[in-house]
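> Let me begin by handing over the structure; questions about it come next.
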Amino acid sequence: MGDPNNGDDRANSGSSDLPESASTSKSTDSRPLIPDSLAPRAQSRRDFLEGAGAAAVATAAVPTLGMSVAQAAEEPSQANVLETAIQLTVNGQRHNIEVEDRWTLVEVLRDKLDLTGTKIGCNRSECGACTVIMNGKPVYSCSQLAVWADGADVRTVEGLAQNGQLSPVQQAFVDNNGPQCGFCTPGQLMTATALLENNASPDAQTVKEALVGNLCRCSNYNAIVEAVVAAGDQGGVA
Amino acid sequence: MTQPTRIGLEPMQIIGNDTPRVDAIERVTGAAKFTRDVKLPGMLYARVLRSPHPHARIVSVDTSEAASLPGVRSVITHEDAQVVWGAGSVSGGRQYNDPTKDATLHRRYIFNNPVRCVGDSVAAVAATDRHIAEQAIALIKVEYEQLPFVLEPEAALEDDAPKIWPEGNLCPDFRNNFEPMTSDVGDVEAGFADADQVFEEKYETGFIHNAQMEPRCSLASWEGEKLTLYTPSQGISNCRHDTAKDLGLEDHQVRVVAQYMGGGFGNKNQNQDSDLVAATLSRRSGAPVMVEYSRREDWLGVHGRWPTVQYYKIGVKDDGQVTAMQMRAYSGMGPYRKNSGGISGMDAYGCPNRLREIYPVYTNRTTSGNFRAPSEPHGFYGIESMMDDIAYKIGMDPVEFTLRNMRRPTDDQPFTNYSLEEVIETGARQFNWQSRRKLTPGSDEGPIKRGAGFSFMMFRAGVGTSSAIVRVDSNEKYTLFVGVTDIGPGAKTTMGMIAAEALAVPLSQVEVVWGDTDRCPYSVGESGSRTTIQTGLAVVQAVEELRSQIADQGMPNGGDVLIGTATPVPTTDGKTRQCFGAHYVEVEVDTRIGTTRILKYTAVHESGRIINPTTARDQIRGATIQGIGQALHEDLLYDSDSGQPLTPGYYRARHLTHQDVPDIDVTFIEVDDGYGPFGAKTAGESGIILAPAAVANAVANATGNRMTSLPITRDKILGAMS
């Protein structure tokens with residue numbers, strides 16, 4: 001993360017930062033007719049509500065709700081989406097996975113391996129909520145393509161506790177109120193773990209420097225630093 | 001662990017003792033399930049298309065290509081999904097009032113035409129995976145007719161300004177009258193006539209996005225006529241009612257589940273448009289639908305604190321007595337009236353002559369709404385900068401000036417208790433105010449200058465209705481049902497502690513059931529710092545009810561249970577109930593490069609009895625740090641030529657990081673005024689109210705230059721010093 005004190009440069013922040021959808025406004029050419037089944041209907045709110053009953057019947061008749069995630073995933077989606085077989089070791093367990101080339105590491109962790117402890121806060125390398133340890137270093141998993149992680153050793157928050165025993169830094173977060181809402185906590189814990197593995201007793205300033213890329217909007221920064229320093233005093237990561 | 005200093009009350013058996021969260025292990029192991037972690041069989045993922053223009057009429061939307069993309073299940077636009085978002089468009093800040101929602105002239109739909117800001121929703125797609133939904137969004141063709149736009153509230157009130165709504169740009173009040181919010185006490189003109197000096201100044205504040213770490217998302221699933229919404233809501237009961245109302249359902253047809261949520265600070269109150277979009281897409285596609293906003297969408301499509309322009313005129317006697325206070329102010333609400341646009345602060349003074357006029361104004365910026373103490377930090381910054389400046393100009397200590405002029409209880413308006421004087425004096429002593437402040441602002445030699453600032457506040461701590469259920473079985477296991485969502489302050493733990501104290505059992509004997517409208521009774525919602533007071537009191541009374549049953553019947557046997565319930569309707573017997581605070585901060589300004597560093601920060605609060613000192617401490621510290629960010633960094637800048645937002649996101653808004661954060665010394669003066677659960681008052685919002693004013697006053701004391709707009713960025717300091 002950049003230091004917010006380092007340059008008051010917002011007026012020169014570069015691009016006009018057009019929204020993702022900007023290009024859609026340019027095209028106005030005519031398109032094929034919409035299939036009847038999907039045609040948008042000019043519908044009042046009342047119509048929508050009155051139609052709700054019929055939709056419910058349709059829902060009941062088609063067992064969509066009973067469809068498994070696997071079935072949904074097997075549906076033909078996009079042609080020419082490239083897939084690559086990769087091998088990942090996550091929390092000590094080896095996985096062979098077919099991934100779309102556009103998937104990020106955090107998507108694979110959350111959606112394919114069901115390790116939802118790792119959070120997506122910004123999906124663009126700003127906040128650090130998605131931090132995992134890859135090959136010994138903390139990385140933003142939102143900004144690693146899954147194919148780049150082929151062969152990597154990845155550790156997530158789910159791998160910190162061993163045999164039901166919290167790691168020292170997890171225990172210190174419990175004791176020092178490290179989490180408020182808890183959304184940034186997994187990322188903070190992973191960066192702190194990587195720090196403690198390299199420096200068993202960091203002081204507060206060292207902790208702040210190491211965790212600068214992990215934002216906390218509850219702004220529970222004081223408690224997080226106190227927790228990491230306390231974990232170090234207890235001997236760091238076992 | 002840095003403990004808060006505590007003055008006044010001894011800890012009880014459980015209350016008042018530092019207590020780890022009851023769900024701390026879930027929060028540190030990744031086991032806590034947030035909304036985006038919920039998976040339902042066959043669920044679809046949805047994305048929203050948003051306007052790239054600040055103001056435009058949609059001439060046509062062509063969704064055919066998007067709809068025919070394999071994997072796309074439903075596409076909705078303003079043409080075929082006309083759902084009014086009641087809580088997003090209520091007039092006059094009456095967001096809990098159904099008649100006002102029904103009467104509101106300016107209705108916000110989940111998709112609007114015209115679109116009125118960059119980021120306004122245009123269409124949504126549900127598909128079998130996120131990438132397909134994103135591809136489909138890019139295939140929707142929208143023809144826009146661009147309209148003139150206006151970004152600044154004062155400009156928006158000019159006669160020739162583009163009209164964002166047919167009646168013009170002054171927001172209607174809850175009766176649909178186009179009038180400013182006015183408060184007129186005493187005779188302000190007589191007060192000015194009585195003054196020896198009259199001071200006038202203009203203050204401005206920026207847009208502060210709530211910026212909670214968890215972007216907005218909603219997962220909707222229908223079973224027949226029943227809708228289940230997994231959504232990060234600060235108030236599941238309010239969210240349920242709003243959603244049912246917007247969709248034409250009865251409350252019991254909607255279940256809202258919000259167990260863990262990644263912050264909100266006021267932008268997850270009630271229901272959100274994403275809840276209605278998810279419910280509509282789910283109904284159309286016959287499958288559960290998860291709507292997920294990107295960080296940029298959350299920044300531009302949800303809301304943040306309203307930017308303001310505040311003009312003050314203050315009359316003062318030579319002896320420091322304030323004789324008249326006048327404010328005319330403008331709040332930029334964006335294109336929809338989601339909340340009040342209020343500006344508080346003048347009420348903290350006792351001056352009998354006060355005139356306040358606030359104009360909530362539509363603009364083509366993103367929507368403004370509630371952020372932690374919605375009306376306060378910007379207002380206290382304005383008035384307390386004004387007063388600090390006057391104090392130095394007439395040669396008084398700002399603390400002495402405050403003690404002379406702050407509001408105090410009167411015979412007409414008694415308080416449940418009043419500790420503001422003790423709060424201010426305790427802080428001054430702890431901080432060593434007299435030796436840290438510069439008697440002559442800016443008097444440090446050399447380019448690196450130090451100075452100290454002070455601010456004070458009082459803030460509502462009223463009582464009100466909420467509900468609780470407590471059950472005991474034959475194993476003496478107690479189960480507490482409360483509709484809290486535990487957004488971060490630790491309500492689940494606090495409620496458990498209150499129950500355990502009232503039951504005289506260990507906290508481990510109480511299980512808390514929370515965050516699900518089908519399992520929990522009404523709770524007021526974690527907004528307005530009300531949960532501890534209101535739901536906490538319901539817990540106390542539910543336990544009393546249970547204990548009287550146990551006294552009558554003995555403990556239950558076998559499979560029997562006893563259940564106590566309570567929905568108290570408490571009053572404060574006509575007294576006003578307030579929490580109090582004072583902040584003192586020392587800064588160091590490097591006038592060569594314009595940076596401001598915080599050297600020492602002392603926060604003293606009276607929030608009644610403190611239930612859990614650990615979590616209360618971090619409410620104050622966290623809120624204070626957010627307030628420092630508001631003082632020095634955060635804003636959402638727009639390009640005036642294009643109407644495009646320039647700084648959406650953490651990096652560009654320059655949110656504080658670990659490295660920017662000072663130590664915050666917290667002191668609680670504890671009092672039991674006989675109201676609320678064991679005398680507890682508000683804590684969650686109070687810390688943020690004081691930081692912008694205290695930091696700005698410290699910068700003025702250090703540099704000798706009054707900064708009249710927030711944030712106090714480097715360029716402003718450099719400009720002032722040149």
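In the structure tokens, chains take letters A, B, ... by order of appearance, with residues numbered from 1 within each chain and ligands from 1 in the order shown.
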Mind dumping a table of every chain B residue within 6 Å of chain A, with the nearest atom pair and its distance in Å to one decimal, using only C-alpha atoms, sorted by chain and rising number, as a tab-separated table?


```
residue	atom	partner	partner_atom	distance
B:Ala24	CA	A:Val174	CA	5.5
B:Arg27	CA	A:Gly182	CA	5.6
B:Val28	CA	A:Gln170	CA	5.9
B:Thr29	CA	A:Glu158	CA	5.7
B:Gly30	CA	A:Gly117	CA	3.8
B:Asp37	CA	A:Thr116	CA	5.7
B:Pro41	CA	A:Ser68	CA	4.8
B:Gly42	CA	A:Met67	CA	5.0
B:Pro52	CA	A:Ala22	CA	5.2
B:Ser64	CA	A:Ile34	CA	4.8
B:Pro70	CA	A:Ser77	CA	5.2
B:Gly71	CA	A:Ser77	CA	5.2
B:Glu79	CA	A:Ala42	CA	5.2
B:Asp80	CA	A:Ala42	CA	4.8
B:Gln82	CA	A:Arg45	CA	5.4
B:Val83	CA	A:Arg45	CA	5.8
B:Lys141	CA	A:Thr24	CA	5.4
B:Val142	CA	A:Ser25	CA	5.3
B:Glu143	CA	A:Ser25	CA	5.7
B:Gln212	CA	A:Arg217	CA	5.7
B:Met213	CA	A:Gly121	CA	5.4
B:Glu214	CA	A:Gly121	CA	5.5
B:Gly224	CA	A:Ala56	CA	5.0
B:Gly262	CA	A:Phe183	CA	4.9
B:Gly263	CA	A:Cys181	CA	5.5
B:Gly286	CA	A:Thr59	CA	5.1
B:Ala287	CA	A:Leu65	CA	5.8
B:Arg295	CA	A:Cys122	CA	4.9
B:Ile487	CA	A:Cys181	CA	5.5
B:Gly488	CA	A:Cys181	CA	3.7
B:Gly622	CA	A:Ser219	CA	4.4
B:Arg654	CA	A:Pro4	CA	4.9
B:Thr657	CA	A:Val212	CA	5.7
B:His658	CA	A:Lys208	CA	5.1
B:Gln659	CA	A:Lys208	CA	5.3
B:Arg714	CA	A:Asp8	CA	5.8
```

> Based on the backbone DSSP call, show me all residues of region 420-598 of chain B assigned helix (DSSP H, G or I), as a VMD selection string.

chain B and resid 420 to 431 433 to 436 491 to 503 507 to 509 531 to 553

> Quick one: everything within 6 Å of region 324-337 of chain B, counting only C-alpha atoms, minus sequence neighbours fewer than 2 positions away in the same chain. Send it as an NGL selection string.

:B and (89 or 91 or 116 or 153 or 188 or 191-192 or 306-315 or 322 or 339 or 341 or 353-368)

> Take the residues just selected and output them with N, CA and C atoms as a short mmCIF file (atom, residue, chain, number, x, y, z; two decimals), in the first residue's frame.


```cif
data_model
loop_
_atom_site.label_atom_id
_atom_site.label_comp_id
_atom_site.auth_asym_id
_atom_site.auth_seq_id
_atom_site.Cartn_x
_atom_site.Cartn_y
_atom_site.Cartn_z
N SER B 89 -35.22 6.11 -0.78
CA SER B 89 -35.76 7.35 -1.34
C SER B 89 -36.70 8.07 -0.38
N SER B 91 -38.16 10.71 2.15
CA SER B 91 -37.93 12.14 2.38
C SER B 91 -37.64 12.43 3.84
N ARG B 116 -29.01 9.28 -12.66
CA ARG B 116 -28.74 10.60 -12.08
C ARG B 116 -27.35 10.74 -11.47
N PRO B 153 -23.69 21.57 -4.24
CA PRO B 153 -25.03 21.87 -3.73
C PRO B 153 -25.46 23.33 -3.90
N VAL B 188 -32.23 35.64 17.42
CA VAL B 188 -30.83 35.69 17.01
C VAL B 188 -30.40 37.13 16.71
N GLY B 191 -29.59 38.81 19.80
CA GLY B 191 -28.32 38.28 20.29
C GLY B 191 -27.13 38.94 19.61
N PHE B 192 -27.22 39.14 18.31
CA PHE B 192 -26.12 39.82 17.61
C PHE B 192 -26.01 41.27 18.06
N TRP B 306 -22.66 12.78 3.78
CA TRP B 306 -22.92 13.89 2.87
C TRP B 306 -21.88 14.99 3.02
N PRO B 307 -21.40 15.51 1.87
CA PRO B 307 -20.52 16.68 1.92
C PRO B 307 -21.34 17.91 2.28
N THR B 308 -20.71 18.86 2.95
CA THR B 308 -21.45 20.04 3.42
C THR B 308 -20.70 21.33 3.16
N VAL B 309 -21.48 22.41 3.10
CA VAL B 309 -20.95 23.77 3.10
C VAL B 309 -21.69 24.48 4.23
N GLN B 310 -20.95 25.04 5.18
CA GLN B 310 -21.57 25.59 6.39
C GLN B 310 -21.11 27.05 6.57
N TYR B 311 -22.07 27.96 6.64
CA TYR B 311 -21.77 29.37 6.90
C TYR B 311 -22.20 29.70 8.33
N TYR B 312 -21.25 30.17 9.13
CA TYR B 312 -21.55 30.50 10.52
C TYR B 312 -21.43 32.00 10.77
N LYS B 313 -22.24 32.45 11.70
CA LYS B 313 -22.14 33.82 12.21
C LYS B 313 -22.37 33.71 13.71
N ILE B 314 -21.38 34.16 14.49
CA ILE B 314 -21.42 33.98 15.94
C ILE B 314 -21.20 35.34 16.62
N GLY B 315 -22.06 35.69 17.55
CA GLY B 315 -21.90 36.91 18.34
C GLY B 315 -21.35 36.59 19.73
N VAL B 322 -21.15 33.75 24.56
CA VAL B 322 -21.74 33.72 23.22
C VAL B 322 -23.19 34.20 23.33
N ASN B 339 -31.19 9.86 3.34
CA ASN B 339 -31.18 10.19 4.76
C ASN B 339 -31.30 11.70 4.94
N GLY B 341 -29.42 14.52 5.83
CA GLY B 341 -28.57 15.66 5.49
C GLY B 341 -28.33 16.59 6.67
N ASN B 353 -29.95 32.09 21.82
CA ASN B 353 -30.39 32.60 20.52
C ASN B 353 -29.69 31.84 19.40
N ARG B 354 -30.43 30.95 18.75
CA ARG B 354 -29.80 30.09 17.73
C ARG B 354 -30.73 29.96 16.53
N LEU B 355 -30.17 30.20 15.36
CA LEU B 355 -30.94 30.03 14.12
C LEU B 355 -30.14 29.12 13.20
N ARG B 356 -30.79 28.05 12.75
CA ARG B 356 -30.11 27.07 11.91
C ARG B 356 -30.98 26.77 10.70
N GLU B 357 -30.40 26.89 9.53
CA GLU B 357 -31.11 26.57 8.29
C GLU B 357 -30.23 25.64 7.47
N ILE B 358 -30.71 24.43 7.22
CA ILE B 358 -29.94 23.45 6.44
C ILE B 358 -30.72 23.11 5.18
N TYR B 359 -30.05 23.24 4.04
CA TYR B 359 -30.66 22.92 2.75
C TYR B 359 -30.11 21.58 2.26
N PRO B 360 -30.89 20.50 2.35
CA PRO B 360 -30.46 19.25 1.71
C PRO B 360 -30.72 19.35 0.21
N VAL B 361 -29.68 19.11 -0.59
CA VAL B 361 -29.76 19.45 -2.01
C VAL B 361 -29.39 18.24 -2.87
N TYR B 362 -30.17 18.03 -3.93
CA TYR B 362 -29.83 17.00 -4.90
C TYR B 362 -28.65 17.46 -5.76
N THR B 363 -27.74 16.52 -6.01
CA THR B 363 -26.65 16.76 -6.95
C THR B 363 -26.46 15.49 -7.79
N ASN B 364 -25.63 15.58 -8.81
CA ASN B 364 -25.34 14.39 -9.63
C ASN B 364 -24.08 13.68 -9.16
N ARG B 365 -23.77 13.82 -7.87
CA ARG B 365 -22.75 12.95 -7.27
C ARG B 365 -23.44 11.69 -6.75
N THR B 366 -22.63 10.77 -6.24
CA THR B 366 -23.22 9.56 -5.71
C THR B 366 -24.06 9.88 -4.46
N THR B 367 -24.92 8.95 -4.09
CA THR B 367 -25.89 9.19 -3.03
C THR B 367 -25.21 9.35 -1.67
N SER B 368 -25.75 10.25 -0.88
CA SER B 368 -25.29 10.40 0.50
C SER B 368 -26.27 9.70 1.43
#
```

> Check the DSSP output for the backbone and give back, as an NGL selection string, the residues of region 314-519 of chain B in strand (DSSP E or B).

:B and (314-316 or 322-332 or 349 or 354-361 or 368 or 406 or 415 or 448-460 or 468-473 or 478-481 or 510-513 or 516)

> When you look at Ala623 (chain B) with a cut-off of 9 Å (counting only C-alpha atoms), what residues show up, excluding the ones that are within fewer than 3 positions of it in the same chain? I need them as a VMD selection string.

(chain A and resid 218 to 220) or (chain B and resid 372 618 to 620 626 to 628 684 to 689 691)

> Would you work out the distance separating CA of Tyr650 (chain B) from CA of Thr614 (chain B), expressed in Å to one decimal?

27.4 Å

> For a test of reading the model, state the distance in Å between CA of Ile717 (chain B) and CA of Ala702 (chain B), rounded to one decimal.

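We find that CA of Ile717 (chain B) and CA of Ala702 (chain B) lie 11.2 Å from each other.
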
> Determine, counting only C-alpha atoms, which protein, DNA and RNA residues have an atom within 10 Å of an atom of Thr596 (chain B); residues of the same chain fewer than 3 positions away are not included. Present the result as a ChimeraX atom specification.

/A:5 /B:448-450,587-591,593,599,632,695,698-699,702,712-714,717

> Which residues come within 10 Å of Thr193 (chain A), counting only C-alpha atoms, excluding same-chain residues fewer than 6 positions away, as a ChimeraX atom specification?

/A:132-133,136-138,157,160,167-170,187,199-200,228,231-232,236-237

> Within 9 Å of Met497 (chain B), counting only C-alpha atoms, which residues show up once you throw out same-chain ones fewer than 6 positions away? Write them as number ranges by chain, please.

B: 14-15, 19, 506-507, 510, 611-612
